[in-house]
Amino acid sequence: MRDTHKISAGLFMVFVLLSFSSFSQIPLNTANTQSILYLGKGENQPLIVGLGGSEGGNAWASDYWKATRNQFIEKGYAFLAVGYFGAKGTPATLDKIALEDVYRAIAEARENPKVNKARVAIIGGSRGADLALLLGSYYDDIKCVIGLVPSHAVFPGHTDHFTSSCWTFKGKELPFVPVNEEAVPSLMQRNLRGAFEAMLQDTSAEQKALIKVEHINGPVLLVSATEDEICPSTPMSEKMMHRLKSHKFKHKFEHVAVKGRHAEPLKHFNLVFRFLEDNFAVN
C-alpha cells in the first residue's frame, strides 16, 4: 500500500512538472521594444500585455513577476511582457517613447496561431498604466485596459531638462503638463507627489494633456493608492472616472482606491483577475 502511495505521489509530481514545462516562452523580434510571449497549452488564448513603469527594463519578464505571470497562463491567457525602455534594444530613457513601437509588439504577438487576436487586454503599472491607457485610446482593437496607480494626463519625459514628452504618436510629441516654477522646490526635495500637484495647478496645460480614456474600446479598471507618495493617483483616477461618466462611456469602468502607498495596488491582483473574469474573459 505504501509503495502504491509513493508511485501515485511520484506520478502526480511528474504530471505537475509536465504541466509547467508545457508553458512556452517565445522572444519576439520587435523594433525598439523587448517582447517575450508566454503561452499555455490551449488554443485561442486571449492576450494579456504587461507593461512595467519608470523602473525600466522588462519588468513582467523578470523572476519577481513570474508567479503572477504564470497565474495568467494557468487561467488560459497568453501573456506578452513588453520592455519599452531601459532594456536591450530599447531606448535608454523614458522619453519620447513611440506608441507605435509598443503597438507593433502587440500586433506581432497576435499573429501567433495560439493567440486569439480579437481578445487583447493591457495591464500597466505607474507610467506603464499611462501607456496602457494611451494605447487603448489610440487603438480600438485593444479590448480592455487596466491601470495600476495611473495618471490621467501626459507628463514630461524622465530627462534632466523635463522639456519633452514621455510619449509620441506618428512622430509628434503628445502634449504634456510641464514642470513649472511651483514644482521646482518639491523636485529639489524629492517630493514627487508635491511636484505633480504643483504642475497640475496649470489647468490649461492639464486640459491639453488629458488622456482621452473615453476612446477606449472596452472595459477599464483603475486601481489607485490612497496614500500614494509618488503621484496623486487616487484624485487622477477619480478625474478619469468623471470623464468616462460625462462621455456616457458604454463599457464597464471601475475605480478601486486601495489604502496604502504607490506599490500597494501591486499586492491586489485579485482585483485584476476578478475584473478580467467578469468583463473580458467571458466576452
# chains A, B, ... in the order shown; residues from 1 in each chain; ligands from 1
>>> residues_around(residues="A:Thr90", least_positions_apart="2", cutoff="7 Å", atoms="only C-alpha atoms", output="number ranges by chain")
A: 32-34, 84-88, 92
>>> residues_around(residues="A:Val272", least_positions_apart="5", cutoff="12 Å", atoms="only C-alpha atoms", output="NGL selection string")
:A and (48 or 68 or 71-72 or 121-125 or 144-148 or 219-223 or 254-256 or 265-267 or 277-281)
>>> closest_residue(among="A:Pro235, A:Gly42, A:Pro185, A:Pro175", to="A:Glu206", atoms="only C-alpha atoms")
A:Pro175
>>> select_by_dssp(residues="stretch 96-255 of chain A", states="strand (DSSP E)", output="PyMOL selection string")
chain A and resi 97-98+115-125+144-148+167-169+172-173+220-225+253-255
>>> write_last_selection(atoms="N, CA, C and O atoms", output="tab-separated table (two decimals), in the first residue's frame")
chain	number	residue	atom	x	y	z
A	97	ILE	N	8.80	58.06	-26.10
A	97	ILE	CA	8.56	56.67	-26.49
A	97	ILE	C	7.42	56.63	-27.49
A	97	ILE	O	6.33	57.17	-27.24
A	98	ALA	N	7.63	55.98	-28.63
A	98	ALA	CA	6.61	55.92	-29.69
A	98	ALA	C	5.55	54.88	-29.36
A	98	ALA	O	5.87	53.70	-29.15
A	115	VAL	N	-2.86	32.48	-30.23
A	115	VAL	CA	-3.41	33.69	-29.62
A	115	VAL	C	-4.72	34.08	-30.32
A	115	VAL	O	-4.81	34.05	-31.54
A	116	ASN	N	-5.70	34.43	-29.51
A	116	ASN	CA	-6.95	34.97	-30.03
A	116	ASN	C	-6.73	36.45	-30.32
A	116	ASN	O	-6.75	37.29	-29.41
A	117	LYS	N	-6.51	36.81	-31.57
A	117	LYS	CA	-6.13	38.17	-31.93
A	117	LYS	C	-7.23	39.19	-31.70
A	117	LYS	O	-6.98	40.39	-31.66
A	118	ALA	N	-8.46	38.71	-31.49
A	118	ALA	CA	-9.56	39.63	-31.25
A	118	ALA	C	-9.72	39.96	-29.76
A	118	ALA	O	-10.54	40.81	-29.40
A	119	ARG	N	-8.94	39.32	-28.90
A	119	ARG	CA	-9.09	39.50	-27.45
A	119	ARG	C	-7.76	39.95	-26.86
A	119	ARG	O	-6.90	39.14	-26.51
A	120	VAL	N	-7.55	41.25	-26.77
A	120	VAL	CA	-6.31	41.82	-26.26
A	120	VAL	C	-6.62	42.76	-25.10
A	120	VAL	O	-7.44	43.69	-25.23
A	121	ALA	N	-5.97	42.53	-23.96
A	121	ALA	CA	-6.09	43.41	-22.79
A	121	ALA	C	-4.69	43.87	-22.39
A	121	ALA	O	-3.72	43.14	-22.55
A	122	ILE	N	-4.60	45.10	-21.88
A	122	ILE	CA	-3.31	45.64	-21.45
A	122	ILE	C	-3.38	45.97	-19.97
A	122	ILE	O	-4.34	46.59	-19.50
A	123	ILE	N	-2.32	45.57	-19.24
A	123	ILE	CA	-2.17	45.92	-17.83
A	123	ILE	C	-0.87	46.69	-17.67
A	123	ILE	O	0.19	46.22	-18.09
A	124	GLY	N	-0.95	47.88	-17.09
A	124	GLY	CA	0.25	48.68	-16.87
A	124	GLY	C	0.27	49.24	-15.46
A	124	GLY	O	-0.79	49.51	-14.87
A	125	GLY	N	1.47	49.40	-14.93
A	125	GLY	CA	1.63	49.99	-13.61
A	125	GLY	C	2.38	51.30	-13.68
A	125	GLY	O	3.39	51.41	-14.38
A	144	CYS	N	-9.54	45.87	-23.57
A	144	CYS	CA	-9.63	46.04	-22.12
A	144	CYS	C	-8.35	46.71	-21.64
A	144	CYS	O	-7.26	46.38	-22.12
A	145	VAL	N	-8.47	47.66	-20.70
A	145	VAL	CA	-7.30	48.34	-20.15
A	145	VAL	C	-7.40	48.36	-18.63
A	145	VAL	O	-8.44	48.72	-18.07
A	146	ILE	N	-6.30	47.98	-17.99
A	146	ILE	CA	-6.20	48.02	-16.54
A	146	ILE	C	-4.99	48.86	-16.16
A	146	ILE	O	-3.87	48.57	-16.58
A	147	GLY	N	-5.24	49.93	-15.40
A	147	GLY	CA	-4.17	50.82	-14.99
A	147	GLY	C	-3.99	50.80	-13.48
A	147	GLY	O	-4.94	51.08	-12.74
A	148	LEU	N	-2.81	50.45	-13.04
A	148	LEU	CA	-2.48	50.44	-11.61
A	148	LEU	C	-1.69	51.72	-11.29
A	148	LEU	O	-0.67	51.99	-11.91
A	167	TRP	N	5.78	60.56	-24.39
A	167	TRP	CA	5.23	59.72	-25.46
A	167	TRP	C	5.11	60.49	-26.77
A	167	TRP	O	4.92	61.71	-26.78
A	168	THR	N	5.21	59.75	-27.87
A	168	THR	CA	4.96	60.33	-29.20
A	168	THR	C	3.97	59.45	-29.95
A	168	THR	O	3.79	58.26	-29.64
A	169	PHE	N	3.34	60.06	-30.96
A	169	PHE	CA	2.46	59.31	-31.86
A	169	PHE	C	2.62	59.90	-33.25
A	169	PHE	O	2.51	61.12	-33.44
A	172	LYS	N	5.10	62.78	-33.56
A	172	LYS	CA	4.87	64.03	-32.83
A	172	LYS	C	4.74	63.76	-31.34
A	172	LYS	O	4.09	62.79	-30.92
A	173	GLU	N	5.34	64.63	-30.54
A	173	GLU	CA	5.22	64.50	-29.10
A	173	GLU	C	3.79	64.78	-28.66
A	173	GLU	O	3.14	65.71	-29.16
A	220	VAL	N	-12.64	49.26	-18.52
A	220	VAL	CA	-11.48	49.93	-17.92
A	220	VAL	C	-11.52	49.75	-16.40
A	220	VAL	O	-12.54	50.04	-15.76
A	221	LEU	N	-10.41	49.28	-15.84
A	221	LEU	CA	-10.24	49.19	-14.39
A	221	LEU	C	-9.05	50.05	-13.98
A	221	LEU	O	-7.96	49.92	-14.55
A	222	LEU	N	-9.26	50.91	-13.00
A	222	LEU	CA	-8.19	51.70	-12.42
A	222	LEU	C	-8.06	51.32	-10.94
A	222	LEU	O	-9.07	51.23	-10.23
A	223	VAL	N	-6.83	51.09	-10.50
A	223	VAL	CA	-6.56	50.80	-9.09
A	223	VAL	C	-5.54	51.81	-8.60
A	223	VAL	O	-4.41	51.85	-9.10
A	224	SER	N	-5.94	52.65	-7.66
A	224	SER	CA	-5.07	53.71	-7.16
A	224	SER	C	-4.67	53.44	-5.72
A	224	SER	O	-5.17	52.52	-5.07
A	225	ALA	N	-3.75	54.28	-5.21
A	225	ALA	CA	-3.26	54.16	-3.84
A	225	ALA	C	-3.62	55.44	-3.09
A	225	ALA	O	-3.24	56.54	-3.50
A	253	PHE	N	-16.66	50.42	-16.40
A	253	PHE	CA	-15.49	51.10	-15.86
A	253	PHE	C	-15.59	51.15	-14.34
A	253	PHE	O	-16.67	51.33	-13.78
A	254	GLU	N	-14.44	50.99	-13.72
A	254	GLU	CA	-14.41	50.84	-12.26
A	254	GLU	C	-13.10	51.42	-11.72
A	254	GLU	O	-12.04	51.29	-12.33
A	255	HIS	N	-13.20	52.05	-10.56
A	255	HIS	CA	-12.02	52.55	-9.86
A	255	HIS	C	-12.03	52.00	-8.44
A	255	HIS	O	-13.02	52.15	-7.72
>>> select_by_dssp(residues="stretch 55-245 of chain A", states="alpha helix (DSSP H)", output="JSON, numbers by chain")
{"A": [66, 67, 68, 69, 70, 71, 72, 73, 74, 99, 100, 101, 102, 103, 104, 105, 106, 107, 108, 109, 110, 127, 128, 129, 130, 131, 132, 133, 134, 135, 136, 137, 138, 184, 185, 186, 187, 188, 192, 193, 194, 195, 196, 197, 198, 199, 203, 204, 205, 206, 207, 208, 209, 233, 234, 235, 236, 237, 238, 239, 240, 241, 242, 243, 244, 245]}
>>> residues_around(residues="A:Ala198", least_positions_apart="3", cutoff="12 Å", atoms="only C-alpha atoms", output="PDB file with C-alpha atoms, in the first residue's frame")
ATOM      1  CA  VAL A 177       1.946  69.031 -18.361  1.00  0.00           C
ATOM      2  CA  PRO A 178       5.248  70.908 -17.993  1.00  0.00           C
ATOM      3  CA  VAL A 179       7.348  71.383 -14.892  1.00  0.00           C
ATOM      4  CA  ASN A 180       6.529  74.870 -13.624  1.00  0.00           C
ATOM      5  CA  GLU A 181       8.262  77.120 -11.105  1.00  0.00           C
ATOM      6  CA  GLU A 182       5.916  75.985  -8.357  1.00  0.00           C
ATOM      7  CA  ALA A 183       7.088  72.392  -8.805  1.00  0.00           C
ATOM      8  CA  VAL A 184      10.821  73.114  -8.527  1.00  0.00           C
ATOM      9  CA  PRO A 185      11.058  73.230  -4.683  1.00  0.00           C
ATOM     10  CA  SER A 186       9.277  69.873  -4.421  1.00  0.00           C
ATOM     11  CA  LEU A 187      11.568  68.346  -7.045  1.00  0.00           C
ATOM     12  CA  ASN A 191       8.821  65.228  -3.067  1.00  0.00           C
ATOM     13  CA  LEU A 192       7.424  63.764  -6.257  1.00  0.00           C
ATOM     14  CA  ARG A 193       3.771  63.956  -5.276  1.00  0.00           C
ATOM     15  CA  GLY A 194       4.192  67.592  -4.333  1.00  0.00           C
ATOM     16  CA  ALA A 195       5.771  68.252  -7.731  1.00  0.00           C
ATOM     17  CA  GLN A 201      -2.091  73.835 -10.969  1.00  0.00           C
ATOM     18  CA  ASP A 202      -1.503  74.687 -14.626  1.00  0.00           C
ATOM     19  CA  THR A 203      -5.039  73.681 -15.560  1.00  0.00           C
ATOM     20  CA  GLU A 206      -3.546  69.788 -17.913  1.00  0.00           C
ATOM     21  CA  CYS A 231       1.741  60.889  -7.624  1.00  0.00           C
ATOM     22  CA  PRO A 232      -1.872  61.734  -6.688  1.00  0.00           C
TER      23      PRO A 232
END
>>> atom_distance(atom1="atom CA of A:Lys250", atom2="atom CA of A:Val213")
11.9 Å
>>> atom_distance(atom1="atom CA of A:Leu51", atom2="atom CA of A:Asn270")
17.9 Å
>>> closest_residue(among="A:Arg190, A:Lys212, A:Lys248, A:His268", to="A:His152", atoms="only C-alpha atoms")
A:Lys212
>>> atom_distance(atom1="atom CA of A:Asp140", atom2="atom CA of A:Asn217")
5.3 Å
>>> residues_around(residues="A:Ala209", least_positions_apart="2", cutoff="8 Å", atoms="only C-alpha atoms", output="count of residues only")
11
>>> closest_residue(among="A:Ala107, A:Val258, A:Leu94, A:Leu133", to="A:Glu55", atoms="only C-alpha atoms")
A:Leu94
>>> closest_residue(among="A:Ile216, A:Cys166, A:Ala61, A:Val82", to="A:Gly136", atoms="only C-alpha atoms")
A:Ile216
>>> closest_residue(among="A:Glu214, A:Ala132, A:Gly83, A:Glu43", to="A:His242", atoms="only C-alpha atoms")
A:Glu214
>>> closest_residue(among="A:Lys252, A:Asn29, A:Ser164, A:Ala257", to="A:Glu108", atoms="only C-alpha atoms")
A:Asn29
>>> residues_around(residues="A:Ser35", least_positions_apart="6", cutoff="7 Å", atoms="only C-alpha atoms", output="list in words")
Pro27, Leu28, Leu80, Ala81, Val82, Gly83 and Ala105 of chain A
>>> decode(residues="stretch 138-187 of chain A", atoms="N, CA and C atoms", output="mmCIF file, in the first residue's frame")
data_model
loop_
_atom_site.group_PDB
_atom_site.id
_atom_site.type_symbol
_atom_site.label_atom_id
_atom_site.label_comp_id
_atom_site.auth_asym_id
_atom_site.auth_seq_id
_atom_site.Cartn_x
_atom_site.Cartn_y
_atom_site.Cartn_z
ATOM 1 N N TYR A 138 -5.869 55.057 -28.481
ATOM 2 C CA TYR A 138 -5.472 55.247 -29.880
ATOM 3 C C TYR A 138 -5.786 54.043 -30.770
ATOM 4 N N TYR A 139 -5.896 52.852 -30.185
ATOM 5 C CA TYR A 139 -6.072 51.644 -30.988
ATOM 6 C C TYR A 139 -7.330 50.905 -30.537
ATOM 7 N N ASP A 140 -8.330 50.836 -31.406
ATOM 8 C CA ASP A 140 -9.621 50.294 -30.984
ATOM 9 C C ASP A 140 -9.671 48.772 -30.964
ATOM 10 N N ASP A 141 -8.591 48.096 -31.393
ATOM 11 C CA ASP A 141 -8.588 46.635 -31.285
ATOM 12 C C ASP A 141 -8.048 46.168 -29.939
ATOM 13 N N ILE A 142 -7.731 47.095 -29.046
ATOM 14 C CA ILE A 142 -7.423 46.755 -27.658
ATOM 15 C C ILE A 142 -8.740 46.776 -26.890
ATOM 16 N N LYS A 143 -9.097 45.658 -26.291
ATOM 17 C CA LYS A 143 -10.453 45.460 -25.795
ATOM 18 C C LYS A 143 -10.621 45.587 -24.284
ATOM 19 N N CYS A 144 -9.539 45.871 -23.568
ATOM 20 C CA CYS A 144 -9.635 46.043 -22.120
ATOM 21 C C CYS A 144 -8.350 46.708 -21.644
ATOM 22 N N VAL A 145 -8.470 47.658 -20.702
ATOM 23 C CA VAL A 145 -7.303 48.344 -20.153
ATOM 24 C C VAL A 145 -7.395 48.358 -18.634
ATOM 25 N N ILE A 146 -6.296 47.976 -17.993
ATOM 26 C CA ILE A 146 -6.204 48.016 -16.536
ATOM 27 C C ILE A 146 -4.993 48.859 -16.161
ATOM 28 N N GLY A 147 -5.244 49.931 -15.403
ATOM 29 C CA GLY A 147 -4.174 50.822 -14.986
ATOM 30 C C GLY A 147 -3.994 50.804 -13.480
ATOM 31 N N LEU A 148 -2.805 50.454 -13.037
ATOM 32 C CA LEU A 148 -2.477 50.444 -11.615
ATOM 33 C C LEU A 148 -1.691 51.716 -11.291
ATOM 34 N N VAL A 149 -2.167 52.486 -10.342
ATOM 35 C CA VAL A 149 -1.644 53.815 -9.980
ATOM 36 C C VAL A 149 -1.354 54.661 -11.218
ATOM 37 N N PRO A 150 -2.405 54.957 -12.004
ATOM 38 C CA PRO A 150 -2.231 55.657 -13.279
ATOM 39 C C PRO A 150 -2.264 57.167 -13.131
ATOM 40 N N SER A 151 -1.879 57.837 -14.193
ATOM 41 C CA SER A 151 -2.071 59.277 -14.347
ATOM 42 C C SER A 151 -3.188 59.509 -15.363
ATOM 43 N N HIS A 152 -3.843 60.634 -15.243
ATOM 44 C CA HIS A 152 -4.943 60.972 -16.155
ATOM 45 C C HIS A 152 -4.471 61.828 -17.318
ATOM 46 N N ALA A 153 -3.198 62.225 -17.284
ATOM 47 C CA ALA A 153 -2.655 63.123 -18.297
ATOM 48 C C ALA A 153 -1.228 62.697 -18.620
ATOM 49 N N VAL A 154 -0.680 63.272 -19.668
ATOM 50 C CA VAL A 154 0.703 63.005 -20.080
ATOM 51 C C VAL A 154 1.635 63.970 -19.358
ATOM 52 N N PHE A 155 2.783 63.452 -18.929
ATOM 53 C CA PHE A 155 3.767 64.253 -18.204
ATOM 54 C C PHE A 155 5.114 64.223 -18.934
ATOM 55 N N PRO A 156 6.079 65.029 -18.488
ATOM 56 C CA PRO A 156 7.356 65.098 -19.213
ATOM 57 C C PRO A 156 8.131 63.791 -19.172
ATOM 58 N N GLY A 157 9.003 63.650 -20.171
ATOM 59 C CA GLY A 157 9.931 62.535 -20.166
ATOM 60 C C GLY A 157 10.902 62.655 -19.008
ATOM 61 N N HIS A 158 11.513 61.535 -18.650
ATOM 62 C CA HIS A 158 12.390 61.497 -17.479
ATOM 63 C C HIS A 158 13.817 61.890 -17.871
ATOM 64 N N THR A 159 13.963 63.163 -18.193
ATOM 65 C CA THR A 159 15.263 63.708 -18.579
ATOM 66 C C THR A 159 15.694 64.741 -17.538
ATOM 67 N N ASP A 160 16.907 65.247 -17.677
ATOM 68 C CA ASP A 160 17.384 66.291 -16.768
ATOM 69 C C ASP A 160 16.680 67.619 -16.995
ATOM 70 N N HIS A 161 16.181 67.831 -18.222
ATOM 71 C CA HIS A 161 15.618 69.137 -18.556
ATOM 72 C C HIS A 161 14.087 69.180 -18.507
ATOM 73 N N PHE A 162 13.417 68.024 -18.527
ATOM 74 C CA PHE A 162 11.954 67.941 -18.422
ATOM 75 C C PHE A 162 11.232 68.780 -19.486
ATOM 76 N N THR A 163 11.805 68.888 -20.652
ATOM 77 C CA THR A 163 11.201 69.739 -21.686
ATOM 78 C C THR A 163 10.618 68.948 -22.852
ATOM 79 N N SER A 164 10.538 67.653 -22.739
ATOM 80 C CA SER A 164 9.969 66.826 -23.794
ATOM 81 C C SER A 164 8.926 65.888 -23.191
ATOM 82 N N SER A 165 8.104 65.315 -24.061
ATOM 83 C CA SER A 165 7.007 64.454 -23.624
ATOM 84 C C SER A 165 7.489 63.019 -23.418
ATOM 85 N N CYS A 166 6.829 62.331 -22.519
ATOM 86 C CA CYS A 166 7.096 60.891 -22.347
ATOM 87 C C CYS A 166 6.807 60.119 -23.632
ATOM 88 N N TRP A 167 5.779 60.556 -24.388
ATOM 89 C CA TRP A 167 5.229 59.724 -25.461
ATOM 90 C C TRP A 167 5.112 60.494 -26.774
ATOM 91 N N THR A 168 5.206 59.753 -27.872
ATOM 92 C CA THR A 168 4.962 60.326 -29.198
ATOM 93 C C THR A 168 3.967 59.449 -29.952
ATOM 94 N N PHE A 169 3.339 60.057 -30.960
ATOM 95 C CA PHE A 169 2.456 59.307 -31.856
ATOM 96 C C PHE A 169 2.615 59.902 -33.246
ATOM 97 N N LYS A 170 2.896 59.034 -34.211
ATOM 98 C CA LYS A 170 3.138 59.453 -35.596
ATOM 99 C C LYS A 170 4.205 60.540 -35.683
ATOM 100 N N GLY A 171 5.259 60.359 -34.884
ATOM 101 C CA GLY A 171 6.401 61.256 -34.943
ATOM 102 C C GLY A 171 6.239 62.560 -34.188
ATOM 103 N N LYS A 172 5.096 62.781 -33.556
ATOM 104 C CA LYS A 172 4.867 64.030 -32.829
ATOM 105 C C LYS A 172 4.736 63.760 -31.339
ATOM 106 N N GLU A 173 5.341 64.629 -30.541
ATOM 107 C CA GLU A 173 5.223 64.500 -29.098
ATOM 108 C C GLU A 173 3.786 64.775 -28.658
ATOM 109 N N LEU A 174 3.291 63.965 -27.735
ATOM 110 C CA LEU A 174 1.969 64.226 -27.186
ATOM 111 C C LEU A 174 2.057 65.419 -26.231
ATOM 112 N N PRO A 175 1.047 66.283 -26.217
ATOM 113 C CA PRO A 175 1.048 67.410 -25.271
ATOM 114 C C PRO A 175 1.202 66.906 -23.837
ATOM 115 N N PHE A 176 1.967 67.634 -23.028
ATOM 116 C CA PHE A 176 2.236 67.189 -21.661
ATOM 117 C C PHE A 176 2.145 68.360 -20.686
ATOM 118 N N VAL A 177 1.968 68.029 -19.419
ATOM 119 C CA VAL A 177 1.946 69.031 -18.361
ATOM 120 C C VAL A 177 3.397 69.362 -18.004
ATOM 121 N N PRO A 178 3.836 70.589 -18.211
ATOM 122 C CA PRO A 178 5.248 70.908 -17.993
ATOM 123 C C PRO A 178 5.584 71.101 -16.512
ATOM 124 N N VAL A 179 6.858 71.030 -16.222
ATOM 125 C CA VAL A 179 7.348 71.383 -14.892
ATOM 126 C C VAL A 179 7.339 72.904 -14.789
ATOM 127 N N ASN A 180 6.601 73.425 -13.812
ATOM 128 C CA ASN A 180 6.529 74.870 -13.624
ATOM 129 C C ASN A 180 7.372 75.303 -12.419
ATOM 130 N N GLU A 181 7.444 76.590 -12.204
ATOM 131 C CA GLU A 181 8.262 77.120 -11.105
ATOM 132 C C GLU A 181 7.784 76.602 -9.756
ATOM 133 N N GLU A 182 6.475 76.444 -9.637
ATOM 134 C CA GLU A 182 5.916 75.985 -8.357
ATOM 135 C C GLU A 182 6.360 74.562 -8.011
ATOM 136 N N ALA A 183 6.706 73.785 -9.045
ATOM 137 C CA ALA A 183 7.088 72.392 -8.805
ATOM 138 C C ALA A 183 8.560 72.232 -8.431
ATOM 139 N N VAL A 184 9.368 73.233 -8.719
ATOM 140 C CA VAL A 184 10.821 73.114 -8.527
ATOM 141 C C VAL A 184 11.208 72.828 -7.079
ATOM 142 N N PRO A 185 10.673 73.549 -6.070
ATOM 143 C CA PRO A 185 11.058 73.230 -4.683
ATOM 144 C C PRO A 185 10.768 71.783 -4.297
ATOM 145 N N SER A 186 9.619 71.269 -4.732
ATOM 146 C CA SER A 186 9.277 69.873 -4.421
ATOM 147 C C SER A 186 10.242 68.908 -5.102
ATOM 148 N N LEU A 187 10.605 69.202 -6.346
ATOM 149 C CA LEU A 187 11.568 68.346 -7.045
ATOM 150 C C LEU A 187 12.910 68.340 -6.337
#
